[in-house]
Structures are given as structure tokens and as C-alpha cells.
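Some notes on the structure that comes next.
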Amino acid sequence: MKSGRATIDLVEGGKIAVCGPAHLSLLKSAGALTVALDSGTIHSYVDQEPSLTIYTALLQAKPLAIGGAPQETLVSLEANGGLSVRAIGGAVRIEQQLNGQSIVVPQSGDVFLSNGQLTGMKAGGGRGSCDLGELKFQPPPPQVSVPATAEEVKQRHSADTKPNLPNARSDSSSDEGPIYQVFLPPMRFDANLKVQPPPDPNLIVLVRRVRVRPTLIFEGRVEGEALVAESRPAAAVTAAAASKPNSASGAVGVPASNPTVADRVRTLWKRMWGPKS
């Protein structure tokens, strides 16, 4: 461009103004915008994206955001190789491409570099000017809500009505450990002091939270059929006892039900010394 002013509107909402005579090349790829400046003045305004980098033959300038604020930079490259950099909004990092040395121009700073050397930096004095023009901000896209479908309403209703039962078998060992929280007093900053005072340790609160272990509950399961003793009626037991022959009625050798030791000795004596037929 030999004369006049040209503007480039970025899709992200930023803007770049080029004032002639100027010669440059632009390349944008994956959220990064690269400007190769051979001569002329460019005035850039970038909100958050893209990441802008301006290259010359020996130096590169990269705007830096401060606290998420927009970045506004004016870079002017003269025919004799002098580079003027003005950080209007945010800071600008200037790096020498041969030796890797770099400096940071603070916000509202204006510097002038000659012959691509950082050592001979001096105040810019307002060299180079290029009107950026009116900025066109893109409003955020409106958010349109969509009504929920019948299936979504049904799923949400079933999730709300489902009882929240505690899982007895869940492993809560990871939650049993104590949790420590440290509460510090509000931080203070005094611009008149070179060294900021440390916080008062008496105002620091340490809170320890623990989980009370519940009472141990043993759970198990009995497998197989339970053994239950059958109880016979008393009348049946009496009838069975009456039907058995009595040992005193002369029946020898037929012991009574559940004979005692004395009964066994008496039976033995009758067999040995009793009358023999």
C-alpha cells in the first residue's frame, strides 16, 4: 500500500489499521495471527483472540494482556530500520530474534529501537501515528431456550421420586480421613512499602473435620435348612410306655427303655444266680 489507510476487521471482534506507505504480510492459523511487517505503521486492537505477533527483520513484538483487558498496540517501522512501539492497552514483549534477548514495554509505554538492537532503546516521543477508527463489537449470540421433551420430563421425574438409599457396601474408607482447612485473614497491599508485611498468625484459623465412624454391624447369611426338633404329644409318649412290657412282671432280658446302671446290674445277677430250668 503506497498511501492512505486500510482496516482489517477480525471475526473475533478486533481490528487492525494499516497506514501507508506500508508493506506487510498476514497469516492466521489456529487462533494465532502473524504479521510480517517490512515497512509502515499498524495499529492493532485485540480483545482476547487471536494471539497477535508482529515480526520485523530482526525483532518481534507480541502484545500481552493485563488482567484480561484488551490489547491495543501501535508499531511503526521506518525505512532506516528504526522501530517504534507504543503499548496503548496492555504490555508488549519485544524480543531480538538472533540472540533471544527480550524486554517488556509496560502499558502506556513508548519506545524507539534503532538498528534492531535492544541496548540502544530510548523514548519513542510519539513517533508514528495511525487512526484505528471506530471499533465494531460483535454482541454475544442470544441464548434460545428449548422446552424439554416428554422423555426428558419423565426421566427427571423418575430421578426425583427415586429414594436415595445409602449404599451399605460402599467403601467409605477414603472419606474417613480428616480434612483440614486453613482460613487466612484478608490480604493487604501498601504501595508505599517495599516489603509487604506478612499476615498475622494469630488471625489464621485451622479447621479439622473428621467423620465419626459408625457402630460396627456384622452382616451374614445362614445357608441350608434349619434343624427343628419335633415335639411329640404327651399322650403318645404315655401310650408308647404302656405298650412296652414291664421288667418286674417276669420278663427277664428285655430291658426297659433307657435302663439305668442299677437295672443292668440286677439283670446280670438274675442271669448268673437265678433258677435254671
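Numbering starts fresh at 1 for the residues of each chain in the C-alpha cells, the chains themselves are lettered A, B, ... in the order given, and ligands are numbered from 1 as they appear.
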
Set the distance at 12 Å and use only C-alpha atoms: which residues neighbour A:Leu203 once local chain neighbours fewer than 5 positions away are removed? I'd like the list as an mmCIF file with C-alpha atoms, in the first residue's frame.
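Dumped to part16.cif:
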```cif
data_model
loop_
_atom_site.group_PDB
_atom_site.id
_atom_site.type_symbol
_atom_site.label_atom_id
_atom_site.label_comp_id
_atom_site.auth_asym_id
_atom_site.auth_seq_id
_atom_site.Cartn_x
_atom_site.Cartn_y
_atom_site.Cartn_z
ATOM 1 C CA VAL A 182 -6.924 -23.009 56.619
ATOM 2 C CA PHE A 183 -8.665 -19.624 56.749
ATOM 3 C CA LEU A 184 -6.377 -16.640 56.266
ATOM 4 C CA PRO A 185 -7.183 -13.002 57.014
ATOM 5 C CA PRO A 186 -7.764 -10.637 54.051
ATOM 6 C CA MET A 187 -4.559 -9.767 52.221
ATOM 7 C CA PRO A 198 3.206 -10.973 56.432
#
```

Quiz item: Can you list, as a PyMOL selection string, every protein, DNA or RNA residue that comes within 7 Å of A:Ala6 when you count only C-alpha atoms, leaving out same-chain residues fewer than 5 positions away?
Solution: chain A and resi 17-19

Hey, can you spit out that residue selection with C-alpha atoms as a PDB file, in the first residue's frame?
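As written to disk, out_19.pdb reads:
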```pdb
ATOM      1  CA  ALA A  17      -5.438  -0.426  10.836  1.00  0.00           C
ATOM      2  CA  VAL A  18      -2.588  -0.086   8.316  1.00  0.00           C
ATOM      3  CA  CYS A  19      -1.253   3.358   7.344  1.00  0.00           C
TER       4      CYS A  19
END
```
